[in-house]
$ cat final_14.tsv   # TSV, C-alpha atoms
chain	number	residue	atom	x	y	z
A	1	MET	CA	0.00	0.00	0.00
A	2	LYS	CA	1.27	3.43	-0.93
A	3	SER	CA	1.69	5.90	1.88
A	4	GLU	CA	-0.42	9.11	1.67
A	5	ILE	CA	1.65	12.22	0.93
A	6	ARG	CA	0.45	15.38	2.76
A	7	ASN	CA	0.67	18.82	1.11
A	8	PRO	CA	0.83	21.52	3.80
A	9	LYS	CA	0.13	24.35	1.30
A	10	SER	CA	-3.08	22.66	0.09
A	11	GLU	CA	-4.27	22.23	3.67
A	12	VAL	CA	-3.71	25.90	4.36
A	13	ARG	CA	-5.64	26.97	1.23
A	14	TRP	CA	-8.52	24.61	2.15
A	15	GLY	CA	-8.60	25.94	5.68
A	16	ILE	CA	-8.87	29.51	4.37
A	17	ARG	CA	-11.73	28.60	2.01
A	18	LEU	CA	-13.57	26.79	4.80
A	19	GLY	CA	-13.19	29.77	7.10
A	20	VAL	CA	-14.64	32.09	4.44
A	21	LEU	CA	-17.65	29.81	3.92
A	22	VAL	CA	-18.35	29.63	7.66
A	23	THR	CA	-18.14	33.43	7.94
A	24	MET	CA	-20.52	33.93	4.98
A	25	ALA	CA	-23.03	31.46	6.45
A	26	ALA	CA	-22.94	33.19	9.81
A	27	GLY	CA	-23.45	36.54	8.10
A	28	LEU	CA	-26.50	35.26	6.21
A	29	LEU	CA	-27.98	33.81	9.40
A	30	PHE	CA	-27.49	37.09	11.23
A	31	THR	CA	-29.10	39.04	8.37
A	32	GLY	CA	-32.11	36.72	8.33
A	33	CYS	CA	-32.66	37.23	12.05
A	34	GLY	CA	-32.52	41.01	11.75
A	35	LYS	CA	-34.96	41.81	8.93
A	36	THR	CA	-36.21	45.31	8.50
A	37	ASP	CA	-39.96	45.81	8.36
A	38	SER	CA	-39.92	45.89	4.56
A	39	GLU	CA	-38.37	42.41	4.47
A	40	GLY	CA	-41.13	40.86	6.48
A	41	GLY	CA	-39.81	41.38	9.98
A	42	GLY	CA	-42.47	42.47	12.41
A	43	GLY	CA	-42.50	45.67	14.16
A	44	SER	CA	-43.13	49.26	14.66
A	45	THR	CA	-41.14	52.32	13.82
A	46	SER	CA	-38.90	51.95	16.84
A	47	GLY	CA	-37.50	48.69	15.45
A	48	ALA	CA	-36.85	49.97	11.93
A	49	ALA	CA	-33.30	50.68	10.95
A	50	SER	CA	-32.35	54.16	9.81
A	51	GLY	CA	-31.08	55.03	6.38
A	52	GLY	CA	-34.02	54.12	4.14
A	53	ALA	CA	-35.45	51.09	5.96
A	54	ARG	CA	-39.23	50.87	5.82
A	55	LYS	CA	-40.97	52.38	8.83
A	56	THR	CA	-44.39	51.47	10.22
A	57	ILE	CA	-46.65	53.82	12.21
A	58	ALA	CA	-49.27	52.01	14.28
A	59	ASN	CA	-52.28	54.34	14.18
A	60	VAL	CA	-55.20	53.15	16.35
A	61	GLY	CA	-58.45	54.60	17.66
A	62	SER	CA	-61.61	56.47	16.74
A	63	ASP	CA	-64.09	54.71	14.45
A	64	THR	CA	-65.36	58.14	13.43
A	65	MET	CA	-61.90	58.77	11.97
A	66	LEU	CA	-61.33	55.26	10.61
A	67	GLN	CA	-62.19	55.81	6.94
A	68	LEU	CA	-60.42	59.18	7.06
A	69	GLY	CA	-57.32	57.61	8.58
A	70	MET	CA	-57.28	54.97	5.86
A	71	ALA	CA	-57.62	57.64	3.16
A	72	TRP	CA	-54.70	59.59	4.67
A	73	SER	CA	-52.61	56.42	4.89
A	74	GLU	CA	-53.17	55.51	1.24
A	75	ALA	CA	-52.38	59.02	-0.02
A	76	TYR	CA	-49.25	59.30	2.14
A	77	LYS	CA	-47.73	56.24	0.46
A	78	LYS	CA	-47.23	58.39	-2.63
A	79	VAL	CA	-45.52	61.09	-0.59
A	80	ALA	CA	-43.36	58.84	1.61
A	81	PRO	CA	-43.33	55.29	0.20
A	82	GLU	CA	-40.90	54.19	2.91
A	83	VAL	CA	-43.55	54.81	5.59
A	84	ASN	CA	-46.44	52.40	6.14
A	85	VAL	CA	-49.28	53.80	8.28
A	86	GLU	CA	-51.31	50.90	9.67
A	87	VAL	CA	-54.76	52.20	10.65
A	88	THR	CA	-57.16	50.29	12.89
A	89	GLY	CA	-60.32	51.37	14.71
A	90	GLY	CA	-61.93	50.13	17.90
A	91	GLY	CA	-62.89	53.49	19.38
A	92	SER	CA	-61.14	56.49	20.89
A	93	GLY	CA	-60.70	54.71	24.22
A	94	VAL	CA	-58.99	51.79	22.51
A	95	GLY	CA	-56.61	54.11	20.66
A	96	ILE	CA	-55.67	55.98	23.83
A	97	ALA	CA	-55.18	52.69	25.72
A	98	ASN	CA	-52.85	51.44	22.96
A	99	LEU	CA	-50.88	54.68	23.09
A	100	ILE	CA	-50.52	54.37	26.87
A	101	ASN	CA	-49.29	50.77	26.75
A	102	GLY	CA	-46.89	51.53	23.90
A	103	SER	CA	-48.46	49.39	21.19
A	104	ALA	CA	-49.45	52.43	19.10
A	105	GLU	CA	-47.45	55.52	18.20
A	106	LEU	CA	-50.44	57.56	17.09
A	107	ALA	CA	-53.95	57.55	18.59
A	108	ASN	CA	-56.98	58.90	16.75
A	109	SER	CA	-59.60	60.31	19.09
A	110	SER	CA	-62.85	62.21	18.79
A	111	ARG	CA	-62.48	63.35	22.39
A	112	ALA	CA	-59.73	64.72	24.58
A	113	PHE	CA	-57.63	62.68	27.03
A	114	ASP	CA	-59.28	62.49	30.45
A	115	GLU	CA	-57.40	63.02	33.72
A	116	LYS	CA	-57.02	59.31	34.47
A	117	GLU	CA	-55.58	58.62	31.02
A	118	VAL	CA	-53.07	61.44	31.44
A	119	ALA	CA	-52.03	59.97	34.79
A	120	ASP	CA	-51.79	56.45	33.32
A	121	LEU	CA	-49.52	57.63	30.49
A	122	LYS	CA	-47.33	59.47	33.00
A	123	ALA	CA	-47.07	56.36	35.19
A	124	LYS	CA	-46.44	53.97	32.30
A	125	GLN	CA	-44.06	55.98	30.14
A	126	ASN	CA	-43.27	59.13	32.14
A	127	LYS	CA	-44.65	61.20	29.25
A	128	GLU	CA	-47.44	63.69	28.68
A	129	PRO	CA	-49.91	63.29	25.78
A	130	LYS	CA	-49.12	65.57	22.85
A	131	GLU	CA	-52.35	66.77	21.21
A	132	PHE	CA	-52.81	67.65	17.54
A	133	MET	CA	-56.21	68.91	16.39
A	134	VAL	CA	-56.62	67.67	12.82
A	135	GLY	CA	-60.18	68.70	11.86
A	136	TYR	CA	-63.82	68.69	12.90
A	137	ASP	CA	-66.77	66.34	12.62
A	138	ALA	CA	-70.38	67.43	12.45
A	139	LEU	CA	-72.08	64.64	14.38
A	140	SER	CA	-75.14	63.90	12.27
A	141	ILE	CA	-78.55	62.56	13.28
A	142	TYR	CA	-79.75	59.80	10.96
A	143	VAL	CA	-83.20	58.35	10.27
A	144	HIS	CA	-84.37	56.00	7.52
A	145	LYS	CA	-84.58	57.60	4.08
A	146	ASP	CA	-88.38	57.08	3.99
A	147	SER	CA	-89.02	58.79	7.33
A	148	PRO	CA	-91.19	61.91	7.00
A	149	LEU	CA	-89.19	63.62	9.77
A	150	ASN	CA	-86.85	66.36	8.51
A	151	GLU	CA	-85.67	68.14	11.64
A	152	ILE	CA	-85.30	67.70	15.37
A	153	SER	CA	-84.19	69.79	18.37
A	154	MET	CA	-81.49	69.12	20.92
A	155	GLU	CA	-84.20	68.98	23.59
A	156	GLN	CA	-86.12	66.32	21.68
A	157	LEU	CA	-82.97	64.27	21.14
A	158	ALA	CA	-82.29	64.35	24.88
A	159	GLU	CA	-85.81	63.14	25.63
A	160	ILE	CA	-85.34	60.27	23.17
A	161	TYR	CA	-81.93	59.14	24.47
A	162	LYS	CA	-81.92	59.76	28.22
A	163	LYS	CA	-83.02	57.19	30.76
A	164	ASP	CA	-86.05	59.07	32.05
A	165	GLY	CA	-86.89	60.73	28.70
A	166	LYS	CA	-90.47	61.48	27.72
A	167	ILE	CA	-90.23	60.67	24.01
A	168	ARG	CA	-90.49	56.94	23.33
A	169	ASN	CA	-92.72	56.77	20.25
A	170	TRP	CA	-92.68	58.51	16.87
A	171	SER	CA	-96.19	59.80	17.52
A	172	ASP	CA	-94.73	61.82	20.43
A	173	LEU	CA	-93.01	63.85	17.70
A	174	GLY	CA	-96.11	63.98	15.52
A	175	VAL	CA	-94.69	61.38	13.14
A	176	ARG	CA	-97.02	58.69	11.87
A	177	ASN	CA	-97.11	56.03	9.18
A	178	ILE	CA	-93.42	55.59	8.52
A	179	PRO	CA	-93.24	53.30	5.46
A	180	GLY	CA	-92.05	49.84	6.48
A	181	ALA	CA	-91.96	50.61	10.21
A	182	LYS	CA	-93.12	47.93	12.63
A	183	GLY	CA	-95.13	49.77	15.23
A	184	ASP	CA	-94.76	53.25	16.68
A	185	GLU	CA	-91.80	52.68	19.01
A	186	ILE	CA	-88.55	54.54	18.32
A	187	ILE	CA	-85.63	52.13	17.94
A	188	VAL	CA	-82.76	54.09	19.50
A	189	VAL	CA	-79.30	53.36	18.07
A	190	SER	CA	-76.14	54.43	19.89
A	191	ARG	CA	-72.41	53.68	20.07
A	192	GLN	CA	-70.60	51.47	22.58
A	193	ASN	CA	-69.34	53.20	25.72
A	194	ASN	CA	-65.62	53.12	24.82
A	195	SER	CA	-66.39	55.33	21.84
A	196	GLY	CA	-65.41	59.00	21.87
A	197	THR	CA	-68.57	59.67	19.85
A	198	HIS	CA	-70.66	58.10	22.62
A	199	HIS	CA	-68.93	60.24	25.28
A	200	TYR	CA	-69.38	63.41	23.26
A	201	PHE	CA	-73.04	62.74	22.47
A	202	LYS	CA	-73.83	61.94	26.08
A	203	GLU	CA	-72.22	65.15	27.30
A	204	ALA	CA	-73.49	67.46	24.54
A	205	VAL	CA	-77.02	66.08	24.12
A	206	ILE	CA	-78.09	63.91	27.06
A	207	GLY	CA	-76.25	65.97	29.66
A	208	LYS	CA	-73.61	65.16	32.27
A	209	LYS	CA	-76.18	64.61	35.02
A	210	SER	CA	-78.38	62.19	33.06
A	211	ASP	CA	-77.82	58.59	32.03
A	212	GLN	CA	-78.46	57.11	28.62
A	213	ARG	CA	-81.49	54.84	28.45
A	214	PRO	CA	-80.44	51.20	28.95
A	215	ASP	CA	-82.34	49.75	25.99
A	216	THR	CA	-80.39	51.47	23.22
A	217	VAL	CA	-79.03	49.27	20.43
A	218	ASN	CA	-75.29	49.90	20.73
A	219	GLN	CA	-73.04	49.52	17.70
A	220	ASN	CA	-69.27	49.03	17.54
A	221	GLY	CA	-68.57	51.35	14.63
A	222	SER	CA	-69.78	54.53	12.96
A	223	ALA	CA	-70.70	52.71	9.75
A	224	ASP	CA	-72.59	50.09	11.76
A	225	VAL	CA	-74.91	52.78	13.16
A	226	VAL	CA	-75.74	54.12	9.70
A	227	ASN	CA	-76.20	50.65	8.23
A	228	LEU	CA	-78.64	49.65	10.99
A	229	VAL	CA	-80.67	52.84	10.65
A	230	GLY	CA	-80.76	52.36	6.87
A	231	THR	CA	-82.41	48.94	7.30
A	232	THR	CA	-84.69	49.82	10.24
A	233	PRO	CA	-87.42	52.31	9.23
A	234	ASN	CA	-88.46	53.25	12.79
A	235	SER	CA	-84.95	53.88	14.12
A	236	ILE	CA	-82.81	56.92	14.87
A	237	GLY	CA	-79.04	57.09	15.36
A	238	TYR	CA	-76.02	59.38	15.41
A	239	SER	CA	-72.74	59.09	13.54
A	240	GLY	CA	-70.12	61.13	11.72
A	241	MET	CA	-71.15	63.33	8.80
A	242	GLY	CA	-68.88	61.40	6.45
A	243	TYR	CA	-70.79	58.13	6.90
A	244	LYS	CA	-73.99	59.18	5.12
A	245	THR	CA	-75.39	56.68	2.59
A	246	ALA	CA	-78.36	56.65	0.21
A	247	ALA	CA	-80.31	54.52	2.69
A	248	VAL	CA	-80.56	57.25	5.34
A	249	LYS	CA	-81.65	60.84	5.80
A	250	VAL	CA	-79.72	63.46	7.79
A	251	LEU	CA	-81.93	65.60	10.02
A	252	LYS	CA	-81.52	69.32	10.51
A	253	VAL	CA	-80.97	70.16	14.21
A	254	SER	CA	-82.03	73.19	16.23
A	255	LYS	CA	-80.61	74.26	19.56
A	256	LYS	CA	-84.11	74.64	21.03
A	257	THR	CA	-87.54	73.43	19.99
A	258	GLY	CA	-89.16	76.04	17.77
A	259	GLU	CA	-85.90	77.66	16.67
A	260	PRO	CA	-84.60	77.36	13.08
A	261	ALA	CA	-82.96	74.01	12.44
A	262	VAL	CA	-79.55	73.79	10.73
A	263	ALA	CA	-78.10	71.07	8.51
A	264	PRO	CA	-74.56	69.81	9.23
A	265	SER	CA	-71.96	71.16	6.78
A	266	ILE	CA	-68.49	72.64	6.63
A	267	GLU	CA	-69.89	76.18	6.83
A	268	THR	CA	-72.30	75.53	9.72
A	269	THR	CA	-69.61	73.68	11.67
A	270	LEU	CA	-67.01	76.42	11.29
A	271	ASP	CA	-69.47	79.21	12.11
A	272	LYS	CA	-70.80	77.10	15.05
A	273	SER	CA	-74.43	77.36	13.98
A	274	TYR	CA	-74.72	73.58	13.85
A	275	PRO	CA	-75.04	72.52	17.51
A	276	ILE	CA	-73.46	69.03	17.48
A	277	SER	CA	-69.94	69.37	16.12
A	278	ARG	CA	-66.65	68.50	17.77
A	279	PRO	CA	-62.92	68.54	17.07
A	280	MET	CA	-60.96	65.45	16.06
A	281	PHE	CA	-57.53	64.78	17.52
A	282	MET	CA	-54.37	62.77	17.02
A	283	TYR	CA	-52.23	62.06	20.08
A	284	THR	CA	-48.65	60.95	20.60
A	285	ALA	CA	-46.91	59.95	23.83
A	286	GLY	CA	-44.64	62.93	24.33
A	287	GLU	CA	-42.98	64.52	21.33
A	288	PRO	CA	-43.45	62.42	18.17
A	289	SER	CA	-40.48	60.85	16.41
A	290	ASP	CA	-39.34	62.59	13.23
A	291	HIS	CA	-41.22	60.42	10.72
A	292	VAL	CA	-44.45	60.56	12.79
A	293	LYS	CA	-44.12	64.35	13.05
A	294	ARG	CA	-43.68	64.58	9.25
A	295	TYR	CA	-46.88	62.58	8.79
A	296	ILE	CA	-48.83	64.82	11.17
A	297	ASP	CA	-47.46	67.95	9.47
A	298	TRP	CA	-48.62	66.58	6.10
A	299	ILE	CA	-52.12	65.97	7.54
A	300	LEU	CA	-52.29	69.55	8.83
A	301	ALA	CA	-51.09	70.99	5.51
A	302	ASP	CA	-53.27	71.53	2.44
A	303	ALA	CA	-52.83	68.00	1.06
A	304	GLY	CA	-54.09	66.29	4.20
A	305	GLN	CA	-56.86	68.83	4.84
A	306	ASN	CA	-58.16	68.44	1.28
A	307	ILE	CA	-58.42	64.67	1.78
A	308	LEU	CA	-60.30	65.30	5.03
A	309	LYS	CA	-62.77	67.54	3.19
A	310	GLU	CA	-63.21	65.04	0.32
A	311	ASN	CA	-64.16	62.35	2.83
A	312	GLY	CA	-67.00	64.33	4.38
A	313	TYR	CA	-65.25	65.92	7.35
A	314	VAL	CA	-64.66	69.55	8.22
A	315	PRO	CA	-61.16	71.03	7.73
A	316	LEU	CA	-59.57	73.36	10.25
A	317	SER	CA	-60.28	76.37	8.03
A	318	LYS	CA	-62.25	77.28	4.88
A	319	LYS	CA	-59.16	77.75	2.68
$ encode --input "final_14.tsv" --output "structure tokens"
Amino acid sequence: MKSEIRNPKSEVRWGIRLGVLVTMAAGLLFTGCGKTDSEGGGGSTSGAASGGARKTIANVGSDTMLQLGMAWSEAYKKVAPEVNVEVTGGGSGVGIANLINGSAELANSSRAFDEKEVADLKAKQNKEPKEFMVGYDALSIYVHKDSPLNEISMEQLAEIYKKDGKIRNWSDLGVRNIPGAKGDEIIVVSRQNNSGTHHYFKEAVIGKKSDQRPDTVNQNGSADVVNLVGTTPNSIGYSGMGYKTAAVKVLKVSKKTGEPAVAPSIETTLDKSYPISRPMFMYTAGEPSDHVKRYIDWILADAGQNILKENGYVPLSKK
């Protein structure tokens, strides 16, 4: 048997090649474990690498602002394609809760932070909420499109919605023979209690010292209210102005019974003649990061305000 002849130079070259292969494999493994958001790695903006990596803004909250938030998000992709704004609803309370616990960077809300929420954010993150008013919503009163009713007063709405209210039937308002209605009873549609719209309506219409009647049909979203009213001829409900469909009618509203009633619009909201309008907010926990601030600035500029107007909401000014 021939003895095997060793070549030290060949062994050295092979060792070098093997070392390079091991290093490359380790590098690939490390890269796979550290994907940026654009490569399929999870995450929010805080986990995105700088220098062109895709960034995600978790934007959670108000159902009143949901379709508006989605419209803003889609339009902003053309302005900043490296930023993905993920918009989800659930209600103003849900958005604020997500901001407090750190799972959202931007909360949409149709009401202001309350004192407890401010304290919770301070305790959780040692930060104060930063408020940005982004527009207005004229909270509209909806009835079925075939209802003969055309206007209502704030006083009458309170009597319909509050626990001890005196208006329970359409005949109490002089309304009779609603096409398709089953009986005379008013089916009262409301929002769930974690909704900023619910809180605003209760304070502005029912009153702080009164409770809402317990037999209201509560809906999770703004569109749900309008859809239910559109299929229930003897119902009444409230929702954002931008959610109107062909199946419903928007009532004019007067501040007092017997006074002129006003339809919700951009003009009547800005001149405050329409009595049920409120501001819409975005909140951050402390000062927003640069890319979140750029997004908010874009919303407050003409481009974002025009999209707000096109979607049935009221911009901050007439321009």
$ closest_residue --input "final_14.tsv" --among "A:Pro81, A:Pro214, A:Gly312, A:Pro233" --to "Pro264 in chain A" --atoms "all atoms listed in the file"
A:Gly312
$ residues_around --input "final_14.tsv" --residues "Glu82 in chain A" --least-positions-apart "3" --cutoff "8 Å" --atoms "all atoms listed in the file" --output "compact mmCIF listing (two decimals) with C-alpha atoms, in the frame of the given file"
# COMPACT_ATOMS: atom_id res chain seq x y z
CA GLY A 52 -34.02 54.12 4.14
CA ALA A 53 -35.45 51.09 5.96
CA ARG A 54 -39.23 50.87 5.82
CA LYS A 55 -40.97 52.38 8.83
CA LYS A 77 -47.73 56.24 0.46
$ closest_residue --input "final_14.tsv" --among "A:Gly183, A:Gly174, A:Pro148, A:Pro275" --to "Ala204 in chain A" --atoms "all atoms listed in the file"
A:Pro275
$ residues_near_point --input "final_14.tsv" --point "(-90.5, 54.7, 15.3)" --cutoff "6 Å" --atoms "all atoms listed in the file" --output "MDAnalysis selection string"
chainID A and resid 169:170 184:186 234:235
$ closest_residue --input "final_14.tsv" --among "A:Asp302, A:Glu155, A:Asp146, A:Glu203" --to "Val175 in chain A" --atoms "only C-alpha atoms"
A:Asp146
$ residues_near_point --input "final_14.tsv" --point "(-48.4, 48.8, 17.5)" --cutoff "8 Å" --atoms "all atoms listed in the file" --output "list in words"
Gly43, Ser44, Ile57, Ala58, Asn59, Asn98, Gly102, Ser103, Ala104 and Glu105 of chain A
$ closest_residue --input "final_14.tsv" --among "A:Asp290, A:Val60, A:Pro179, A:Val87" --to "Ser73 in chain A" --atoms "only C-alpha atoms"
A:Val87
$ atom_distance --input "final_14.tsv" --atom1 "CA of Glu74 in chain A" --atom2 "CA of Ile299 in chain A"
12.3 Å
$ atom_distance --input "final_14.tsv" --atom1 "CA of Gly230 in chain A" --atom2 "CA of Gly135 in chain A"
26.7 Å
$ atom_distance --input "final_14.tsv" --atom1 "CA of Gly69 in chain A" --atom2 "CA of Tyr295 in chain A"
11.6 Å
$ closest_residue --input "final_14.tsv" --among "A:Lys124, A:Lys255, A:Arg213, A:Lys293" --to "Asp164 in chain A" --atoms "all atoms listed in the file"
A:Arg213
$ closest_residue --input "final_14.tsv" --among "A:Pro260, A:Gly89, A:Gly180, A:Pro288" --to "Gln67 in chain A" --atoms "only C-alpha atoms"
A:Gly89
$ residues_around --input "final_14.tsv" --residues "Arg278 in chain A" --least-positions-apart "6" --cutoff "9 Å" --atoms "all atoms listed in the file" --output "PyMOL selection string"
chain A and resi 110-111+135-139+200+269
$ residues_around --input "final_14.tsv" --residues "Ile307 in chain A" --least-positions-apart "2" --cutoff "8 Å" --atoms "all atoms listed in the file" --output "ChimeraX atom specification"
/A:68,71-72,303-305,309-311
